[in-house]
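Asker: Please find one structure pasted underneath; my questions will follow.
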Amino acid sequence: MRRATILSLGAFFAVAAVGGGAGPARVTGEFSATASVDTRQGTRSMGFDLVVTNPITMEQAEPLKDVLAHGGQPALLNAIKGGGRGRIRLGGLEYPVDLVVVEPLGDTTHFYVITARPLKYEEVNEGRPSLDHPFTVFVVNVPGWGTGDGRIYTHAALSIDEEGHVRADQYDGRPGTLRDVKRLK
């Protein structure tokens, strides 16, 4: 049975994006955390590293909301693929980051990290429903002091709800978690 978990990405792609008035935040850098993801074999914990090299602001992401609204997920996937915004290491595997939207709010900086997920041969060959979830989404919350947290949507579909917010829908299960997020550089 397919279970879905939905996340509203806060003000991500919001119609009226808020320009933070709390001074300049460090929006590039290197971060580490411990990731936990539920699999069919049980819960797996692994190291997580994120390098953010070229994030964009909420205002700069606004046109991508229109791409998603009018062209759907395939259009958004084509628009962001190869964006060169950084890289993610999850366990022993490294992936390029296609999009990073940064949102400084108060003392915490929120990073919305989206990348095209690698499709498996069986998914494509058998036309599995998971093909409708082509993204991996990481929501990383980095406080100015101490450690933060976050969420991992390993098989995510993105959509726009009736209020105009972008939402991530996790295919077949619950989203994973990030704990002990800390800035390295």
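As shown in the structure tokens, the chain order sets the letters A, B, ...; within each chain, residues go from 1, and ligands are also counted from 1 in the order they appear.
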Which polymer residues have any atom within 8 Å of an atom of range 91-97 of chain A, counting only C-alpha atoms, with same-chain residues fewer than 4 positions away left out, as a list in words?

Answerer: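 So the residues in contact are Met46, Gly47, Phe48, Gly82, Gly83, Gly84, Arg85, Gly86, Arg87, Val113, Ile114 and Thr115 of chain A.
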
Asker: Produce a file of the selected residues containing N, CA and C atoms, as a PDB file, in the first residue's frame.

Answerer:
ATOM      1  N   MET A  46      23.460   6.960   8.456  1.00  0.00           N
ATOM      2  CA  MET A  46      24.697   7.160   7.699  1.00  0.00           C
ATOM      3  C   MET A  46      25.118   8.614   7.794  1.00  0.00           C
ATOM      4  N   GLY A  47      26.355   8.847   7.425  1.00  0.00           N
ATOM      5  CA  GLY A  47      26.858  10.202   7.397  1.00  0.00           C
ATOM      6  C   GLY A  47      26.241  10.993   6.254  1.00  0.00           C
ATOM      7  N   PHE A  48      26.054  12.277   6.479  1.00  0.00           N
ATOM      8  CA  PHE A  48      25.502  13.191   5.476  1.00  0.00           C
ATOM      9  C   PHE A  48      26.393  14.417   5.433  1.00  0.00           C
ATOM     10  N   GLY A  82      21.440  19.782 -13.576  1.00  0.00           N
ATOM     11  CA  GLY A  82      22.775  20.276 -13.913  1.00  0.00           C
ATOM     12  C   GLY A  82      23.038  21.682 -13.402  1.00  0.00           C
ATOM     13  N   GLY A  83      22.276  22.107 -12.386  1.00  0.00           N
ATOM     14  CA  GLY A  83      22.398  23.472 -11.871  1.00  0.00           C
ATOM     15  C   GLY A  83      23.718  23.784 -11.194  1.00  0.00           C
ATOM     16  N   GLY A  84      24.472  22.778 -10.789  1.00  0.00           N
ATOM     17  CA  GLY A  84      25.778  23.005 -10.177  1.00  0.00           C
ATOM     18  C   GLY A  84      25.735  23.860  -8.929  1.00  0.00           C
ATOM     19  N   ARG A  85      24.819  23.555  -8.033  1.00  0.00           N
ATOM     20  CA  ARG A  85      24.655  24.357  -6.809  1.00  0.00           C
ATOM     21  C   ARG A  85      25.405  23.793  -5.616  1.00  0.00           C
ATOM     22  N   GLY A  86      26.058  22.654  -5.785  1.00  0.00           N
ATOM     23  CA  GLY A  86      26.800  22.045  -4.693  1.00  0.00           C
ATOM     24  C   GLY A  86      26.821  20.539  -4.853  1.00  0.00           C
ATOM     25  N   ARG A  87      27.025  19.858  -3.722  1.00  0.00           N
ATOM     26  CA  ARG A  87      27.033  18.399  -3.763  1.00  0.00           C
ATOM     27  C   ARG A  87      26.612  17.842  -2.401  1.00  0.00           C
ATOM     28  N   VAL A 113      17.114  21.905  -0.506  1.00  0.00           N
ATOM     29  CA  VAL A 113      18.041  21.304  -1.468  1.00  0.00           C
ATOM     30  C   VAL A 113      17.260  20.291  -2.306  1.00  0.00           C
ATOM     31  N   ILE A 114      17.282  20.487  -3.619  1.00  0.00           N
ATOM     32  CA  ILE A 114      16.526  19.607  -4.516  1.00  0.00           C
ATOM     33  C   ILE A 114      17.469  19.087  -5.585  1.00  0.00           C
ATOM     34  N   THR A 115      17.362  17.798  -5.826  1.00  0.00           N
ATOM     35  CA  THR A 115      18.164  17.188  -6.878  1.00  0.00           C
ATOM     36  C   THR A 115      17.339  16.099  -7.564  1.00  0.00           C
TER      37      THR A 115
END

Asker: Please identify which residues in range 38-176 of chain A DSSP calls helix (DSSP H, G or I) from the backbone, and express them as a VMD selection string.

Answerer: chain A and resid 58 to 80 121 to 126 129 to 132

Asker: Quick one: everything within 7 Å of Thr57 in chain A, counting only C-alpha atoms, minus sequence neighbours fewer than 3 positions away in the same chain. Send it as a list in words.

Answerer: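 Close residues of Thr57 in chain A: Gln60, Ala61, Val101, Val102 and Glu103 of chain A.
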
Asker: Keeping only N, CA, C and O atoms, write the selected residues as a compact mmCIF listing (two decimals), in the first residue's frame.

Answerer:
# COMPACT_ATOMS: atom_id res chain seq x y z
N GLN A 60 14.67 34.75 -6.29
CA GLN A 60 15.24 34.19 -7.50
C GLN A 60 14.57 32.87 -7.90
O GLN A 60 14.59 32.50 -9.07
N ALA A 61 13.98 32.18 -6.94
CA ALA A 61 13.32 30.89 -7.22
C ALA A 61 11.90 31.07 -7.73
O ALA A 61 11.31 30.12 -8.23
N VAL A 101 17.76 26.55 -2.44
CA VAL A 101 17.10 27.82 -2.12
C VAL A 101 17.37 28.06 -0.65
O VAL A 101 17.14 27.19 0.18
N VAL A 102 17.86 29.26 -0.35
CA VAL A 102 18.22 29.58 1.04
C VAL A 102 17.21 30.59 1.59
O VAL A 102 16.77 31.50 0.89
N GLU A 103 16.83 30.37 2.85
CA GLU A 103 15.88 31.24 3.52
C GLU A 103 16.36 31.52 4.94
O GLU A 103 16.16 30.71 5.85

Asker: May I have all residues of range 33-110 of chain A that DSSP, computed from the backbone, assigns to strand (DSSP E), given as an NGL selection string?

Answerer: :A and (33-39 or 42-52 or 86-90 or 93-97 or 99-105 or 108-110)

Asker: Which residue gives the smallest distance to Ser36 in chain A among A:Ile160, A:Val51, A:Val100, A:Leu90, with only C-alpha atoms counted?

Answerer: A:Leu90

Asker: What's around Tyr153 in chain A at 10 Å? Count only C-alpha atoms, leave out sequence neighbours fewer than 6 positions away in its own chain, and write the answer as a VMD selection string.

Answerer: chain A and resid 5 to 7 37 114 133 135 to 139 168 to 171 173 to 177

Asker: CA of Ser32 in chain A and CA of Asp49 in chain A, how far apart in Å?

Answerer: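 Those two atoms sit 4.4 Å apart.
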
Asker: Figure out the distance between CA of Pro143 in chain A and CA of Leu178 in chain A, please, to one decimal in Å.

Answerer: 13.6 Å

Asker: Separation of CA of Gly150 in chain A and CA of Arg40 in chain A, in Å?

Answerer: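 The value is 21.7 Å.
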
Asker: Out of A:Val52, A:Arg128, A:Val67, A:Gly72, which residue has the shortest atom-to-atom distance to Asp98 in chain A when counting only C-alpha atoms?

Answerer: A:Val52

Asker: Which one is closest to Asn141 in chain A: A:Pro104, A:Pro55, A:Gly29, A:Pro63? Count only C-alpha atoms.

Answerer: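 Residue with the minimum atom-to-atom distance to Asn141 in chain A: A:Pro104.
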
Asker: Can you work out which one of A:Arg89, A:Thr109, A:Leu119, A:Ala79 has the shortest atom-to-atom distance to Asp149 in chain A, counting only C-alpha atoms?

Answerer: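 Using only C-alpha atoms, the shortest distance to Asp149 in chain A belongs to A:Thr109.
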